[in-house]
$ cat work-v2.txt   # compact mmCIF, C-alpha atoms (C1' of nucleotides)
# COMPACT_ATOMS: atom_id res chain seq x y z
CA MET A 44 88.31 87.97 93.97
CA ARG A 45 89.84 88.43 90.53
CA GLN A 46 92.21 91.08 91.87
CA ILE A 47 93.33 88.85 94.72
CA ALA A 48 93.85 85.97 92.30
CA SER A 49 95.89 88.14 89.99
CA GLU A 50 98.10 89.47 92.79
CA VAL A 51 98.60 85.93 94.04
CA GLY A 52 99.42 84.82 90.49
CA VAL A 53 96.59 82.38 89.94
CA GLN A 54 93.26 82.11 88.19
CA VAL A 55 90.21 83.15 90.15
CA GLY A 56 88.76 79.63 90.35
CA ALA A 57 91.80 78.40 92.28
CA LEU A 58 90.93 80.63 95.22
CA TYR A 59 87.93 78.49 95.95
CA ASN A 60 90.23 75.69 97.06
CA TYR A 61 91.10 77.91 100.01
CA THR A 62 87.84 79.60 100.91
CA PRO A 63 84.24 78.55 100.38
CA ASP A 64 83.26 82.10 99.46
CA LYS A 65 84.29 85.73 99.63
CA GLN A 66 82.43 86.46 102.85
CA THR A 67 84.24 83.67 104.68
CA LEU A 68 87.58 84.89 103.33
CA LEU A 69 86.91 88.37 104.70
CA TYR A 70 85.79 86.99 108.02
CA ASP A 71 88.85 84.72 108.27
CA LEU A 72 91.17 87.66 107.58
CA MET A 73 89.59 89.77 110.31
CA ARG A 74 89.36 86.88 112.70
CA GLY A 75 93.03 86.05 112.13
CA HIS A 76 94.02 89.64 112.77
CA LEU A 77 92.11 89.90 116.03
CA ASP A 78 93.25 86.48 117.21
CA ALA A 79 96.84 87.57 116.64
CA LEU A 80 96.18 90.83 118.45
CA LEU A 81 94.76 89.11 121.51
CA GLU A 82 97.47 86.50 121.48
CA ALA A 83 100.29 89.00 121.20
CA PHE A 84 99.10 91.31 123.96
CA THR A 85 100.46 90.59 127.40
CA ASP A 86 99.60 92.28 130.65
CA ASP A 87 100.95 91.77 134.14
CA PRO A 88 98.29 92.72 136.71
CA THR A 89 100.88 92.74 139.47
CA ARG A 90 102.69 95.73 138.00
CA LYS A 91 101.70 99.31 138.68
CA PRO A 92 98.78 100.58 136.56
CA GLU A 93 100.90 103.31 135.00
CA GLU A 94 103.45 100.74 133.82
CA ARG A 95 100.73 98.48 132.48
CA LEU A 96 99.19 101.37 130.57
CA ARG A 97 102.55 102.37 129.15
CA SER A 98 102.99 98.82 127.88
CA PHE A 99 99.56 98.86 126.32
CA VAL A 100 100.18 102.11 124.45
CA GLN A 101 103.49 100.91 123.10
CA PHE A 102 102.11 97.51 122.16
CA HIS A 103 99.06 98.88 120.41
CA ILE A 104 101.00 101.35 118.30
CA GLN A 105 103.67 98.84 117.36
CA PHE A 106 101.33 95.95 116.58
CA HIS A 107 99.11 98.07 114.38
CA HIS A 108 102.05 99.67 112.64
CA GLU A 109 103.36 96.27 111.60
CA ARG A 110 100.05 95.29 109.96
CA PRO A 111 98.67 98.29 108.09
CA ASP A 112 96.74 96.14 105.59
CA ALA A 113 95.08 93.97 108.22
CA VAL A 114 94.17 97.03 110.27
CA PHE A 115 92.73 98.77 107.24
CA ILE A 116 90.57 95.78 106.37
CA ALA A 117 89.50 95.24 109.96
CA TYR A 118 88.10 98.77 110.08
CA MET A 119 86.93 99.55 106.57
CA GLU A 120 85.32 96.23 105.70
CA LEU A 121 83.30 95.79 108.87
CA ARG A 122 80.16 96.81 107.03
CA ASN A 123 80.58 93.99 104.53
CA LEU A 124 80.34 91.28 107.16
CA THR A 125 77.10 89.37 107.56
CA PRO A 126 75.33 90.20 110.84
CA GLU A 127 76.50 86.87 112.31
CA ASN A 128 80.13 87.42 111.40
CA PHE A 129 79.95 91.04 112.50
CA SER A 130 78.81 89.92 115.95
CA ARG A 131 81.65 87.45 116.20
CA ILE A 132 84.21 90.10 115.29
CA GLU A 133 82.68 92.60 117.69
CA ILE A 134 83.10 90.11 120.52
CA LEU A 135 86.82 89.85 119.81
CA ARG A 136 87.16 93.61 119.58
CA LYS A 137 85.31 93.99 122.85
CA THR A 138 87.63 91.47 124.45
CA TYR A 139 90.60 93.61 123.51
CA GLU A 140 88.92 96.74 124.84
CA ASP A 141 88.27 94.94 128.09
CA ARG A 142 91.99 94.37 128.51
CA LEU A 143 92.59 98.11 128.45
CA GLU A 144 89.60 98.84 130.61
CA ALA A 145 90.93 96.45 133.25
CA ILE A 146 94.13 98.48 133.41
CA LEU A 147 92.27 101.77 133.70
CA HIS A 148 90.00 100.29 136.33
CA ALA A 149 92.95 99.12 138.39
CA GLY A 150 94.46 102.57 138.15
CA VAL A 151 91.30 104.25 139.29
CA ALA A 152 91.00 101.80 142.18
CA SER A 153 94.56 102.47 143.28
CA GLY A 154 94.10 106.22 143.00
CA ASP A 155 96.76 106.57 140.30
CA PHE A 156 94.21 107.36 137.60
CA ASP A 157 91.22 109.63 137.62
CA VAL A 158 88.61 109.17 134.92
CA PRO A 159 84.85 109.43 135.46
CA ASP A 160 84.09 106.44 133.24
CA THR A 161 86.62 103.77 132.36
CA LYS A 162 84.54 102.53 129.40
CA ILE A 163 84.65 105.93 127.72
CA ALA A 164 88.30 106.43 128.52
CA THR A 165 89.00 103.02 126.97
CA LEU A 166 87.29 103.92 123.71
CA ALA A 167 88.94 107.33 123.65
CA VAL A 168 92.42 105.92 124.13
CA ILE A 169 91.99 103.19 121.53
CA ALA A 170 90.60 105.61 118.95
CA MET A 171 93.47 107.96 119.56
CA LEU A 172 96.12 105.24 119.25
CA THR A 173 94.61 103.57 116.22
CA GLY A 174 94.61 106.94 114.51
CA VAL A 175 98.38 106.73 114.23
CA ASN A 176 97.96 104.26 111.37
CA THR A 177 96.18 106.82 109.22
CA TRP A 178 99.13 109.17 109.05
CA PHE A 179 102.36 107.63 110.30
CA ARG A 180 104.80 106.35 107.69
CA ALA A 181 108.30 105.19 108.54
CA GLY A 182 111.05 107.41 107.23
CA GLY A 183 109.37 110.69 108.02
CA ARG A 184 110.27 113.44 110.45
CA LEU A 185 109.69 111.25 113.50
CA SER A 186 110.56 107.66 114.34
CA LEU A 187 107.93 105.29 115.61
CA LYS A 188 109.63 105.44 119.01
CA ASP A 189 109.15 109.22 119.05
CA VAL A 190 105.49 108.80 118.22
CA GLU A 191 105.03 106.14 120.87
CA GLY A 192 106.61 108.46 123.41
CA GLN A 193 104.40 111.39 122.55
CA TYR A 194 101.20 109.38 122.53
CA TRP A 195 102.19 107.80 125.81
CA GLN A 196 102.66 111.22 127.40
CA MET A 197 99.26 112.38 126.19
CA VAL A 198 97.49 109.20 127.31
CA ARG A 199 99.29 109.26 130.64
CA LYS A 200 98.39 112.86 131.39
CA ALA A 201 94.80 112.36 130.21
CA VAL A 202 94.05 109.63 132.73
CA LEU A 203 96.45 110.45 135.57
CA ALA A 204 95.05 111.71 138.85
CA GLN A 205 96.13 115.33 139.16
CA ARG A 206 97.86 116.60 142.23
CA ARG A 207 95.48 119.00 143.96
CA ASP A 208 96.63 122.52 144.72
CA MET B 235 72.87 104.23 92.38
CA ARG B 236 69.85 101.94 92.23
CA GLN B 237 69.66 101.86 96.02
CA ILE B 238 69.81 105.63 96.26
CA ALA B 239 67.12 105.95 93.59
CA SER B 240 64.90 103.50 95.38
CA GLU B 241 65.27 105.25 98.75
CA VAL B 242 64.55 108.57 97.07
CA GLY B 243 61.53 107.01 95.36
CA VAL B 244 62.60 107.40 91.76
CA GLN B 245 64.00 105.36 88.90
CA VAL B 246 67.76 105.20 88.60
CA GLY B 247 67.93 107.20 85.37
CA ALA B 248 66.39 110.23 87.05
CA LEU B 249 69.43 110.61 89.30
CA TYR B 250 71.47 111.66 86.30
CA ASN B 251 69.57 114.93 86.14
CA TYR B 252 71.29 115.81 89.40
CA THR B 253 74.78 114.41 89.03
CA PRO B 254 76.88 113.67 85.96
CA ASP B 255 78.12 110.43 87.48
CA LYS B 256 78.55 108.49 90.69
CA GLN B 257 82.05 109.74 91.40
CA THR B 258 80.93 113.36 91.28
CA LEU B 259 77.99 112.58 93.55
CA LEU B 260 80.35 111.10 96.13
CA TYR B 261 82.73 114.01 95.86
CA ASP B 262 79.90 116.53 96.19
CA LEU B 263 78.63 114.81 99.32
CA MET B 264 82.04 114.90 100.97
CA ARG B 265 82.76 118.38 99.78
CA GLY B 266 79.43 119.60 101.13
CA HIS B 267 80.11 117.99 104.49
CA LEU B 268 83.54 119.54 104.86
CA ASP B 269 82.38 122.93 103.64
CA ALA B 270 79.66 122.87 106.27
CA LEU B 271 82.18 121.82 108.90
CA LEU B 272 84.54 124.66 108.11
CA GLU B 273 81.72 127.15 107.86
CA ALA B 274 80.16 126.15 111.17
CA PHE B 275 83.35 126.20 113.19
CA THR B 276 84.16 129.47 114.89
CA ASP B 277 87.21 130.41 116.88
CA ASP B 278 88.09 133.55 118.74
CA PRO B 279 91.88 133.95 118.90
CA THR B 280 91.58 136.62 121.56
CA ARG B 281 90.21 134.16 124.11
CA LYS B 282 92.38 132.00 126.33
CA PRO B 283 93.71 128.86 124.62
CA GLU B 284 92.00 126.61 127.13
CA GLU B 285 88.65 128.21 126.35
CA ARG B 286 89.24 127.95 122.64
CA LEU B 287 90.13 124.29 122.99
CA ARG B 288 87.05 123.62 125.07
CA SER B 289 84.93 125.20 122.33
CA PHE B 290 86.62 123.07 119.71
CA VAL B 291 86.00 119.82 121.58
CA GLN B 292 82.37 120.64 122.13
CA PHE B 293 81.85 121.79 118.58
CA HIS B 294 83.52 118.77 117.02
CA ILE B 295 81.54 116.25 119.03
CA GLN B 296 78.24 118.02 118.45
CA PHE B 297 78.70 118.68 114.76
CA HIS B 298 79.71 115.11 114.03
CA HIS B 299 76.93 113.70 116.17
CA GLU B 300 74.34 115.57 114.14
CA ARG B 301 75.57 114.09 110.85
CA PRO B 302 76.41 110.42 111.36
CA ASP B 303 75.77 109.52 107.72
CA ALA B 304 77.92 112.29 106.29
CA VAL B 305 80.71 111.48 108.72
CA PHE B 306 80.52 107.80 107.86
CA ILE B 307 80.77 108.51 104.15
CA ALA B 308 83.52 111.07 104.60
CA TYR B 309 85.69 108.44 106.29
CA MET B 310 84.74 105.13 104.71
CA GLU B 311 84.45 106.22 101.11
CA LEU B 312 87.72 108.13 100.87
CA ARG B 313 89.29 105.26 98.99
CA ASN B 314 86.67 105.49 96.26
CA LEU B 315 87.60 109.02 95.28
CA THR B 316 89.70 109.61 92.21
CA PRO B 317 93.20 110.86 93.07
CA GLU B 318 92.21 114.41 92.04
CA ASN B 319 89.09 114.45 94.20
CA PHE B 320 90.96 112.80 97.05
CA SER B 321 93.51 115.60 97.01
CA ARG B 322 90.80 118.24 97.08
CA ILE B 323 89.12 116.59 100.06
CA GLU B 324 92.42 116.20 101.87
CA ILE B 325 93.03 119.92 101.54
CA LEU B 326 89.75 120.67 103.27
CA ARG B 327 90.44 118.17 105.98
CA LYS B 328 93.88 119.66 106.50
CA THR B 329 92.35 123.10 106.76
CA TYR B 330 90.18 121.91 109.61
CA GLU B 331 93.14 120.30 111.35
CA ASP B 332 95.02 123.57 111.05
CA ARG B 333 92.29 125.33 113.00
CA LEU B 334 92.89 123.02 115.93
CA GLU B 335 96.64 123.17 115.58
CA ALA B 336 96.49 126.96 115.77
CA ILE B 337 94.76 126.67 119.13
CA LEU B 338 97.30 124.20 120.45
CA HIS B 339 100.13 126.33 119.16
CA ALA B 340 98.77 129.40 120.92
CA GLY B 341 98.48 127.41 124.12
CA VAL B 342 102.04 126.20 123.91
CA ALA B 343 103.25 129.74 123.20
CA SER B 344 101.39 131.10 126.21
CA GLY B 345 102.67 128.31 128.43
CA ASP B 346 99.18 126.97 129.14
CA PHE B 347 99.75 123.82 127.10
CA ASP B 348 102.70 121.49 126.95
CA VAL B 349 102.94 119.15 123.99
CA PRO B 350 106.16 118.24 122.18
CA ASP B 351 104.57 118.44 118.73
CA THR B 352 101.36 120.31 117.99
CA LYS B 353 100.84 118.43 114.71
CA ILE B 354 100.76 115.08 116.46
CA ALA B 355 98.61 116.39 119.27
CA THR B 356 96.19 117.73 116.67
CA LEU B 357 95.81 114.36 114.97
CA ALA B 358 95.54 112.58 118.30
CA VAL B 359 92.78 114.86 119.55
CA ILE B 360 90.78 114.68 116.33
CA ALA B 361 91.03 110.90 116.14
CA MET B 362 89.89 110.63 119.73
CA LEU B 363 86.92 112.97 119.26
CA THR B 364 85.79 111.50 115.97
CA GLY B 365 85.79 108.10 117.63
CA VAL B 366 82.70 109.14 119.58
CA ASN B 367 80.62 108.62 116.45
CA THR B 368 81.45 104.93 116.32
CA TRP B 369 79.81 104.13 119.63
CA PHE B 370 77.64 106.96 120.96
CA ARG B 371 73.90 106.68 120.44
CA ALA B 372 71.42 109.06 122.04
CA GLY B 373 69.21 107.48 124.66
CA GLY B 374 71.93 105.40 126.28
CA ARG B 375 73.47 105.56 129.70
CA LEU B 376 75.05 108.95 129.10
CA SER B 377 73.84 112.13 127.45
CA LEU B 378 75.88 113.83 124.76
CA LYS B 379 76.65 116.59 127.26
CA ASP B 380 78.13 114.01 129.63
CA VAL B 381 80.27 112.64 126.84
CA GLU B 382 81.40 116.11 125.79
CA GLY B 383 82.39 116.81 129.38
CA GLN B 384 84.40 113.66 129.76
CA TYR B 385 86.22 114.03 126.48
CA TRP B 386 86.94 117.62 127.30
CA GLN B 387 88.52 116.64 130.60
CA MET B 388 90.71 114.07 128.91
CA VAL B 389 91.77 116.40 126.13
CA ARG B 390 92.39 119.21 128.58
CA LYS B 391 94.56 117.13 130.86
CA ALA B 392 96.43 115.58 127.93
CA VAL B 393 97.68 118.90 126.62
CA LEU B 394 97.78 121.06 129.75
CA ALA B 395 101.12 122.13 131.15
CA GLN B 396 101.51 120.30 134.45
CA ARG B 397 102.37 122.13 137.62
CA ARG B 398 105.83 121.04 138.64
CA ASP B 399 106.41 119.57 142.07
C1' DG C 168 43.70 124.64 76.19
C1' DG C 169 47.64 124.47 73.99
C1' DT C 170 52.70 125.17 74.02
C1' DT C 171 57.04 124.91 75.84
C1' DG C 172 60.35 123.24 78.89
C1' DT C 173 61.62 120.20 82.56
C1' DT C 174 61.53 115.52 84.93
C1' DT C 175 60.80 110.90 85.09
C1' DT C 176 60.18 106.41 83.24
C1' DG C 177 61.31 101.94 81.26
C1' DA C 178 64.24 99.49 78.87
C1' DA C 179 68.43 98.56 77.19
C1' DC C 180 73.87 98.64 76.62
C1' DG C 181 78.28 96.80 77.92
C1' DT C 182 81.08 95.60 82.13
C1' DT C 183 82.21 93.50 86.12
C1' DC C 184 81.08 90.54 89.80
C1' DG C 185 81.00 85.94 92.69
C1' DT C 186 80.80 81.35 91.83
C1' DT C 187 80.91 76.66 89.50
C1' DC C 188 82.94 72.84 87.11
C1' DA C 189 84.79 69.63 83.56
C1' DG C 190 89.18 68.95 82.12
C1' DT C 191 94.20 69.55 82.41
C1' DT C 192 98.45 69.77 84.98
C1' DA C 193 101.51 69.09 88.85
C1' DA C 194 103.11 66.38 93.09
C1' DC C 195 104.39 62.41 95.22
C1' DG C 196 104.55 57.85 97.55
C1' DT C 197 105.35 53.18 95.90
C1' DA D 80 107.10 54.17 85.60
C1' DC D 81 102.62 54.26 87.52
C1' DG D 82 98.54 55.54 89.96
C1' DT D 83 96.41 58.53 93.04
C1' DT D 84 95.52 62.76 95.01
C1' DA D 85 95.65 67.61 95.06
C1' DA D 86 95.75 71.98 92.65
C1' DC D 87 94.91 74.94 88.77
C1' DT D 88 92.98 76.44 84.32
C1' DG D 89 89.67 78.24 81.15
C1' DA D 90 85.34 79.03 80.19
C1' DA D 91 80.94 79.77 81.38
C1' DC D 92 76.55 81.12 84.34
C1' DG D 93 73.41 84.55 86.16
C1' DA D 94 73.14 88.65 88.63
C1' DA D 95 74.35 93.37 89.63
C1' DC D 96 76.61 97.44 88.23
C1' DG D 97 76.98 102.52 86.07
C1' DT D 98 75.23 104.82 82.40
C1' DT D 99 72.32 106.27 78.28
C1' DC D 100 68.21 107.66 75.82
C1' DA D 101 63.73 107.77 73.32
C1' DA D 102 59.33 108.21 74.89
C1' DA D 103 56.01 109.52 78.34
C1' DA D 104 54.42 112.41 82.18
C1' DC D 105 54.28 116.56 84.39
C1' DA D 106 54.49 121.81 85.28
C1' DA D 107 54.10 126.51 84.19
C1' DC D 108 52.77 130.20 81.55
C1' DC D 109 49.84 132.83 77.84
$ encode --input "work-v2.txt" --output "structure tokens"
Amino acid sequence: MRQIASEVGVQVGALYNYTPDKQTLLYDLMRGHLDALLEAFTDDPTRKPEERLRSFVQFHIQFHHERPDAVFIAYMELRNLTPENFSRIEILRKTYEDRLEAILHAGVASGDFDVPDTKIATLAVIAMLTGVNTWFRAGGRLSLKDVEGQYWQMVRKAVLAQRRD
Amino acid sequence: MRQIASEVGVQVGALYNYTPDKQTLLYDLMRGHLDALLEAFTDDPTRKPEERLRSFVQFHIQFHHERPDAVFIAYMELRNLTPENFSRIEILRKTYEDRLEAILHAGVASGDFDVPDTKIATLAVIAMLTGVNTWFRAGGRLSLKDVEGQYWQMVRKAVLAQRRD
DNA sequence: GGTTGTTTTGAACGTTCGTTCAGTTAACGT
DNA sequence: ACGTTAACTGAACGAACGTTCAAAACAACC
């Protein structure tokens, strides 16, 4: 709390005009992040599953890249939530996962995708995409667009139904 | 330190017969985990890249599943290392990544795999596999063998050179 | 059984932490 | 200019933290 106050340029007591306590502040930060995530994501169920998945991959990478601090907190501070707040955050996270799973499910139903278990594929894809935040920094060898393209190709191939031979 | 002492069944002062300070204890835990990881992993460069990759996937999932606490610490406590210790740990982690990258590189060279950038594919695969630890618990709907199989299929398809049509 | 060496205890130290609050300062409509 | 409301300061509180150390307990060997 003292570090936050100092970076904001205020004494620590002043923070308590904005949050009842530290736990609530942490919860509000995470909640705000996940609300923004769910609000920003758009999906058009009338499009082809492959197009919807491509949109998801691009969206996820871009959204997370723009908010490295929020993403870091949302992952690393989970264990400091009270059980009640943890449950609330998990519900939001699950909601987001369900958006991806719906896409994978549609693709399996249409025969475009082939995965044995859409739930597992969902978690695998999200883990893979979120991993970008741990290493990607703008200004390096590759642009974010390059990275998006490469991850999209890997995700696409991983779930696509293979032509039989 | 008091919590560790209490779970060990000892007073807090006694811990300092085993570690000079808390930072060193944390570093030793991480170091031990990564040493064990590198020691346990085996790779046979004379086998086919696809076989080597399959071994890697299976090994990674199994090894991490057997040590949930060590894995948790190795990821969540990174930020509490001093810069010197952080660098040392990063070197070990990079060494492990290089093992996987060597496999992917061999596969690309032989034409079995097709990825634009083996470094990115390496990070993507590891992030995806390590993600298993965040949700898999024995005794659920799927066995660890099932999970290994499904992740292997996704990884395999993601990096495999596609037949052209 | 006594001696030596190793471990553990129990208590204390100086910091840092989250939080509170009386008192001061700033903001603003009238 | 004044009065009211909102925001911030500065100092304090109790608790928890990492660490130290003299004294006590234990272990191992002759």
$ atom_distance --input "work-v2.txt" --atom1 "atom CA of A:Gly150" --atom2 "atom CA of A:Lys91"
8.0 Å
$ atom_distance --input "work-v2.txt" --atom1 "atom CA of B:Leu334" --atom2 "atom CA of B:Ala304"
20.8 Å
$ closest_atom_pairs --input "work-v2.txt" --of "chain D" --to "chain B" --cutoff "12 Å" --atoms "only C-alpha atoms (C1' of nucleotides)" --output "CSV"
residue,atom,partner,partner_atom,distance
D:DA95,C1',B:Arg236,CA,10.0
D:DC96,C1',B:Met235,CA,8.8
D:DG97,C1',B:Lys256,CA,7.7
D:DT98,C1',B:Asp255,CA,8.1
D:DT99,C1',B:Gly247,CA,8.4
D:DC100,C1',B:Gly247,CA,9.6
$ atom_distance --input "work-v2.txt" --atom1 "atom CA of A:Lys200" --atom2 "atom CA of A:Met171"
13.7 Å
$ calpha_fit_and_write --input "work-v2.txt" --fixed "chain B" --moving "chain A" --output "short mmCIF file (atom, residue, chain, number, x, y, z; two decimals) with C-alpha atoms, in the frame of the given file"
data_model
loop_
_atom_site.label_atom_id
_atom_site.label_comp_id
_atom_site.auth_asym_id
_atom_site.auth_seq_id
_atom_site.Cartn_x
_atom_site.Cartn_y
_atom_site.Cartn_z
CA MET A 44 72.87 104.24 92.34
CA ARG A 45 69.83 101.98 92.17
CA GLN A 46 69.61 101.88 95.96
CA ILE A 47 69.79 105.65 96.22
CA ALA A 48 67.12 105.99 93.53
CA SER A 49 64.87 103.55 95.31
CA GLU A 50 65.24 105.29 98.68
CA VAL A 51 64.55 108.62 97.00
CA GLY A 52 61.52 107.09 95.27
CA VAL A 53 62.62 107.48 91.68
CA GLN A 54 64.02 105.46 88.82
CA VAL A 55 67.78 105.26 88.54
CA GLY A 56 67.95 107.27 85.31
CA ALA A 57 66.43 110.31 87.02
CA LEU A 58 69.47 110.66 89.26
CA TYR A 59 71.53 111.70 86.30
CA ASN A 60 69.63 114.97 86.15
CA TYR A 61 71.36 115.84 89.41
CA THR A 62 74.84 114.42 89.03
CA PRO A 63 76.94 113.68 85.96
CA ASP A 64 78.18 110.44 87.49
CA LYS A 65 78.57 108.49 90.71
CA GLN A 66 82.08 109.73 91.43
CA THR A 67 80.97 113.35 91.29
CA LEU A 68 78.02 112.59 93.56
CA LEU A 69 80.35 111.08 96.15
CA TYR A 70 82.74 113.98 95.88
CA ASP A 71 79.91 116.52 96.19
CA LEU A 72 78.62 114.80 99.34
CA MET A 73 82.04 114.88 100.99
CA ARG A 74 82.76 118.37 99.80
CA GLY A 75 79.42 119.58 101.15
CA HIS A 76 80.10 117.97 104.50
CA LEU A 77 83.54 119.53 104.88
CA ASP A 78 82.36 122.92 103.65
CA ALA A 79 79.64 122.85 106.29
CA LEU A 80 82.16 121.80 108.91
CA LEU A 81 84.52 124.65 108.12
CA GLU A 82 81.70 127.12 107.88
CA ALA A 83 80.14 126.12 111.17
CA PHE A 84 83.34 126.20 113.21
CA THR A 85 84.12 129.47 114.90
CA ASP A 86 87.18 130.39 116.89
CA ASP A 87 88.06 133.56 118.75
CA PRO A 88 91.86 133.96 118.89
CA THR A 89 91.53 136.64 121.55
CA ARG A 90 90.18 134.19 124.11
CA LYS A 91 92.38 132.04 126.30
CA PRO A 92 93.71 128.88 124.61
CA GLU A 93 92.00 126.62 127.13
CA GLU A 94 88.63 128.21 126.36
CA ARG A 95 89.22 127.96 122.64
CA LEU A 96 90.11 124.29 122.97
CA ARG A 97 87.04 123.62 125.07
CA SER A 98 84.92 125.17 122.34
CA PHE A 99 86.60 123.06 119.71
CA VAL A 100 85.99 119.81 121.59
CA GLN A 101 82.35 120.61 122.15
CA PHE A 102 81.83 121.77 118.58
CA HIS A 103 83.51 118.76 117.03
CA ILE A 104 81.53 116.24 119.04
CA GLN A 105 78.23 118.00 118.48
CA PHE A 106 78.69 118.65 114.77
CA HIS A 107 79.69 115.08 114.05
CA HIS A 108 76.92 113.68 116.19
CA GLU A 109 74.32 115.55 114.16
CA ARG A 110 75.57 114.08 110.86
CA PRO A 111 76.39 110.41 111.39
CA ASP A 112 75.74 109.50 107.73
CA ALA A 113 77.90 112.27 106.31
CA VAL A 114 80.69 111.45 108.74
CA PHE A 115 80.51 107.77 107.88
CA ILE A 116 80.75 108.48 104.17
CA ALA A 117 83.51 111.04 104.62
CA TYR A 118 85.67 108.41 106.31
CA MET A 119 84.72 105.11 104.74
CA GLU A 120 84.45 106.19 101.12
CA LEU A 121 87.70 108.11 100.91
CA ARG A 122 89.29 105.24 99.02
CA ASN A 123 86.67 105.45 96.28
CA LEU A 124 87.60 108.99 95.32
CA THR A 125 89.72 109.57 92.24
CA PRO A 126 93.22 110.81 93.11
CA GLU A 127 92.23 114.35 92.06
CA ASN A 128 89.12 114.42 94.22
CA PHE A 129 90.96 112.77 97.09
CA SER A 130 93.52 115.59 97.03
CA ARG A 131 90.80 118.20 97.08
CA ILE A 132 89.11 116.58 100.07
CA GLU A 133 92.41 116.18 101.89
CA ILE A 134 93.03 119.91 101.55
CA LEU A 135 89.73 120.67 103.27
CA ARG A 136 90.44 118.15 106.00
CA LYS A 137 93.87 119.65 106.51
CA THR A 138 92.32 123.09 106.76
CA TYR A 139 90.16 121.90 109.62
CA GLU A 140 93.13 120.31 111.36
CA ASP A 141 95.00 123.56 111.04
CA ARG A 142 92.27 125.31 113.00
CA LEU A 143 92.88 123.01 115.95
CA GLU A 144 96.62 123.17 115.57
CA ALA A 145 96.47 126.97 115.76
CA ILE A 146 94.75 126.69 119.13
CA LEU A 147 97.29 124.20 120.45
CA HIS A 148 100.11 126.35 119.14
CA ALA A 149 98.75 129.41 120.90
CA GLY A 150 98.48 127.43 124.10
CA VAL A 151 102.03 126.22 123.88
CA ALA A 152 103.23 129.75 123.16
CA SER A 153 101.39 131.12 126.18
CA GLY A 154 102.68 128.34 128.41
CA ASP A 155 99.19 127.00 129.13
CA PHE A 156 99.76 123.85 127.08
CA ASP A 157 102.69 121.51 126.91
CA VAL A 158 102.94 119.16 123.96
CA PRO A 159 106.17 118.28 122.15
CA ASP A 160 104.56 118.45 118.71
CA THR A 161 101.35 120.31 117.97
CA LYS A 162 100.81 118.45 114.68
CA ILE A 163 100.74 115.08 116.44
CA ALA A 164 98.61 116.38 119.26
CA THR A 165 96.16 117.72 116.66
CA LEU A 166 95.80 114.36 114.96
CA ALA A 167 95.53 112.57 118.29
CA VAL A 168 92.77 114.84 119.55
CA ILE A 169 90.76 114.68 116.33
CA ALA A 170 91.01 110.89 116.16
CA MET A 171 89.89 110.62 119.74
CA LEU A 172 86.91 112.95 119.27
CA THR A 173 85.78 111.48 115.99
CA GLY A 174 85.77 108.08 117.65
CA VAL A 175 82.70 109.12 119.61
CA ASN A 176 80.61 108.61 116.47
CA THR A 177 81.44 104.91 116.34
CA TRP A 178 79.81 104.12 119.65
CA PHE A 179 77.65 106.94 120.98
CA ARG A 180 73.90 106.66 120.47
CA ALA A 181 71.42 109.03 122.06
CA GLY A 182 69.23 107.47 124.70
CA GLY A 183 71.93 105.39 126.33
CA ARG A 184 73.49 105.56 129.76
CA LEU A 185 75.07 108.96 129.13
CA SER A 186 73.85 112.14 127.48
CA LEU A 187 75.89 113.81 124.79
CA LYS A 188 76.65 116.58 127.27
CA ASP A 189 78.14 114.01 129.65
CA VAL A 190 80.29 112.63 126.86
CA GLU A 191 81.41 116.09 125.81
CA GLY A 192 82.40 116.81 129.39
CA GLN A 193 84.42 113.66 129.79
CA TYR A 194 86.23 114.02 126.49
CA TRP A 195 86.94 117.64 127.30
CA GLN A 196 88.53 116.66 130.61
CA MET A 197 90.72 114.06 128.93
CA VAL A 198 91.78 116.41 126.12
CA ARG A 199 92.40 119.22 128.57
CA LYS A 200 94.57 117.14 130.86
CA ALA A 201 96.44 115.59 127.92
CA VAL A 202 97.68 118.92 126.60
CA LEU A 203 97.78 121.07 129.73
CA ALA A 204 101.14 122.14 131.12
CA GLN A 205 101.57 120.31 134.41
CA ARG A 206 102.44 122.13 137.57
CA ARG A 207 105.96 121.08 138.54
CA ASP A 208 106.57 119.65 141.99
#
$ residues_around --input "work-v2.txt" --residues "B:His298" --least-positions-apart "3" --cutoff "10 Å" --atoms "all atoms listed in the file" --output "VMD selection string"
chain B and resid 267 271 293 to 295 301 to 306 363 to 367
$ interface_residues --input "work-v2.txt" --of "chain C" --to "chain B" --cutoff "10 Å" --atoms "all atoms listed in the file" --output "PyMOL selection string"
chain C and resi 174-177
$ write_last_selection --input "work-v2.txt" --atoms "C-alpha atoms (C1' of nucleotides)" --output "short mmCIF file (atom, residue, chain, number, x, y, z; two decimals), keeping the file's coordinate frame"
data_model
loop_
_atom_site.label_atom_id
_atom_site.label_comp_id
_atom_site.auth_asym_id
_atom_site.auth_seq_id
_atom_site.Cartn_x
_atom_site.Cartn_y
_atom_site.Cartn_z
"C1'" DT C 174 61.53 115.52 84.93
"C1'" DT C 175 60.80 110.90 85.09
"C1'" DT C 176 60.18 106.41 83.24
"C1'" DG C 177 61.31 101.94 81.26
#
$ interface_residues --input "work-v2.txt" --of "chain A" --to "chain B" --cutoff "9 Å" --atoms "only C-alpha atoms" --output "VMD selection string"
chain A and resid 118 to 120 158 to 160 163 to 164 166 to 175 178 190 193 to 194 196 to 203 205 to 206
$ residues_around --input "work-v2.txt" --residues "D:DA107" --least-positions-apart "5" --cutoff "10 Å" --atoms "all atoms listed in the file" --output "VMD selection string"
chain C and resid 171 to 173
$ residues_around --input "work-v2.txt" --residues "C:DG190" --least-positions-apart "4" --cutoff "12 Å" --atoms "all atoms listed in the file" --output "number ranges by chain"
D: 87-90
